[in-house]
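**Q** Let me begin by handing over the structure; questions about it come next.
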Amino acid sequence: NRKGIVNWLLATAFLGAIFIGFQIYEFNAFKNEGLTLGGNLFGATFFTLTGFHGAHVTLGIVWLVAAAILGAKGRLHSGTALDVELLGLYWHFVDIVWIVIFTLLYLIGGFDAGPTAIPGG
């Protein structure tokens, strides 16, 4: 089902691009609040981990689009099934890494700038 494969690859790439858009928005918001790469240990950790993750998501998006182009040209077949499988494993690995990063930075850690960082606090 060539059309289905191409559509799902592009849909996944599109959702990845939305994720990157949110990351860029969040980077700017945190920068405007004073959280920077060189400001403190949390800032360095946050921007390093999420930045490297964003780079890997971007690589995955490029790979997804390349696979979609090959699929649209009819160049995905049983001989390239391993390539598509590796793409899927890579994408899921990046997902799992995000779950770990999200847990460590957003649920356990945090930007602790005191009560002035909380509106109305």
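Convention: chains lettered A, B, ... in structure tokens order; per-chain residue numbering from 1; ligands numbered from 1 as shown.
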What's around stretch 6-11 of chain A at 8 Å? Count only C-alpha atoms, leave out sequence neighbours fewer than 6 positions away in its own chain, and write the answer as a list in words.

**A**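 Selected residues are Leu64, Val65, Ala67, Ala68, Ile69, Gly71 and Ala72 of chain A.
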
**Q** Restricted to C-alpha atoms, what would the selected residues look like written as a JSON list (two decimals), in the first residue's frame?

**A**
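Listed below is the output, selection39.json:
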```json
[["chain", "number", "residue", "atom", "x", "y", "z"],
["A", 64, "LEU", "CA", 11.09, 10.13, 7.25],
["A", 65, "VAL", "CA", 10.71, 12.57, 4.36],
["A", 67, "ALA", "CA", 11.65, 7.46, 2.93],
["A", 68, "ALA", "CA", 8.34, 9.04, 1.88],
["A", 69, "ILE", "CA", 9.94, 10.30, -1.34],
["A", 71, "GLY", "CA", 7.89, 5.37, -1.30],
["A", 72, "ALA", "CA", 6.18, 7.81, -3.65]]
```

**Q** Which residues, written as a list of chain:residue names, have at least one atom at most 9 Å from A:His53, with only C-alpha atoms counted and residues fewer than 6 positions away on the same chain left out?

**A**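 Neighbouring residues, sequence-local ones excluded: A:Val94, A:Val97, A:Trp98, A:Ile101.
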
**Q** Can you check which residues of stretch 16-114 of chain A DSSP gives as alpha helix (DSSP H) on the backbone and send them as number ranges by chain?

**A** A: 16-32, 41-72, 81-102

**Q** Go ahead and dump the residues you just picked, C-alpha atoms, as an mmCIF file, in the first residue's frame.

**A**
```cif
data_model
loop_
_atom_site.group_PDB
_atom_site.id
_atom_site.type_symbol
_atom_site.label_atom_id
_atom_site.label_comp_id
_atom_site.auth_asym_id
_atom_site.auth_seq_id
_atom_site.Cartn_x
_atom_site.Cartn_y
_atom_site.Cartn_z
ATOM 1 C CA GLY A 16 7.864 15.744 14.452
ATOM 2 C CA ALA A 17 8.056 19.205 12.889
ATOM 3 C CA ILE A 18 5.302 20.402 15.231
ATOM 4 C CA PHE A 19 7.344 19.056 18.160
ATOM 5 C CA ILE A 20 10.399 20.996 16.941
ATOM 6 C CA GLY A 21 8.245 24.123 16.617
ATOM 7 C CA PHE A 22 7.147 23.781 20.241
ATOM 8 C CA GLN A 23 10.762 23.272 21.305
ATOM 9 C CA ILE A 24 11.812 26.476 19.544
ATOM 10 C CA TYR A 25 8.926 28.344 21.175
ATOM 11 C CA GLU A 26 9.894 26.971 24.591
ATOM 12 C CA PHE A 27 13.576 27.830 24.102
ATOM 13 C CA ASN A 28 12.609 31.435 23.350
ATOM 14 C CA ALA A 29 10.194 31.607 26.294
ATOM 15 C CA PHE A 30 12.807 30.292 28.726
ATOM 16 C CA LYS A 31 15.431 32.646 27.296
ATOM 17 C CA ASN A 32 13.056 35.576 27.869
ATOM 18 C CA LEU A 41 23.375 24.023 35.939
ATOM 19 C CA PHE A 42 19.704 23.441 35.179
ATOM 20 C CA GLY A 43 19.850 25.760 32.157
ATOM 21 C CA ALA A 44 22.954 24.011 30.847
ATOM 22 C CA THR A 45 21.380 20.594 31.382
ATOM 23 C CA PHE A 46 18.027 21.610 29.928
ATOM 24 C CA PHE A 47 19.346 23.218 26.755
ATOM 25 C CA THR A 48 21.965 20.512 26.173
ATOM 26 C CA LEU A 49 19.593 17.558 26.583
ATOM 27 C CA THR A 50 16.665 19.072 24.726
ATOM 28 C CA GLY A 51 18.942 20.559 22.057
ATOM 29 C CA PHE A 52 20.591 17.226 21.289
ATOM 30 C CA HIS A 53 17.196 15.554 21.330
ATOM 31 C CA GLY A 54 15.828 18.180 18.935
ATOM 32 C CA ALA A 55 18.764 17.561 16.596
ATOM 33 C CA HIS A 56 17.960 13.840 16.579
ATOM 34 C CA VAL A 57 14.270 14.533 15.953
ATOM 35 C CA THR A 58 15.287 16.763 13.036
ATOM 36 C CA LEU A 59 17.463 13.968 11.638
ATOM 37 C CA GLY A 60 14.483 11.621 11.995
ATOM 38 C CA ILE A 61 12.245 14.064 10.130
ATOM 39 C CA VAL A 62 14.731 14.233 7.252
ATOM 40 C CA TRP A 63 14.909 10.423 7.187
ATOM 41 C CA LEU A 64 11.093 10.131 7.248
ATOM 42 C CA VAL A 65 10.713 12.573 4.356
ATOM 43 C CA ALA A 66 13.439 10.786 2.378
ATOM 44 C CA ALA A 67 11.649 7.461 2.929
ATOM 45 C CA ALA A 68 8.339 9.044 1.881
ATOM 46 C CA ILE A 69 9.937 10.299 -1.335
ATOM 47 C CA LEU A 70 11.311 6.829 -2.049
ATOM 48 C CA GLY A 71 7.888 5.374 -1.302
ATOM 49 C CA ALA A 72 6.181 7.808 -3.651
ATOM 50 C CA ALA A 81 12.035 -3.416 4.421
ATOM 51 C CA LEU A 82 15.004 -3.470 6.804
ATOM 52 C CA ASP A 83 15.691 0.208 6.047
ATOM 53 C CA VAL A 84 12.117 1.128 6.938
ATOM 54 C CA GLU A 85 12.314 -1.066 10.052
ATOM 55 C CA LEU A 86 15.497 0.721 11.153
ATOM 56 C CA LEU A 87 13.797 4.071 10.591
ATOM 57 C CA GLY A 88 10.930 2.953 12.815
ATOM 58 C CA LEU A 89 13.313 1.723 15.520
ATOM 59 C CA TYR A 90 15.241 5.004 15.400
ATOM 60 C CA TRP A 91 12.047 7.059 15.677
ATOM 61 C CA HIS A 92 10.759 4.990 18.602
ATOM 62 C CA PHE A 93 14.132 5.239 20.336
ATOM 63 C CA VAL A 94 13.958 9.030 20.024
ATOM 64 C CA ASP A 95 10.425 8.836 21.511
ATOM 65 C CA ILE A 96 11.640 6.796 24.481
ATOM 66 C CA VAL A 97 14.542 9.175 25.056
ATOM 67 C CA TRP A 98 12.029 12.055 25.136
ATOM 68 C CA ILE A 99 10.012 10.260 27.827
ATOM 69 C CA VAL A 100 13.175 10.041 29.958
ATOM 70 C CA ILE A 101 14.132 13.683 29.298
ATOM 71 C CA PHE A 102 10.587 14.866 29.996
#
```

**Q** Kindly give the distance, in Å, that separates atom CA of A:Leu76 and atom CA of A:Arg2, rounded to a single decimal.

**A**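 Distance between the two atoms: 8.1 Å.
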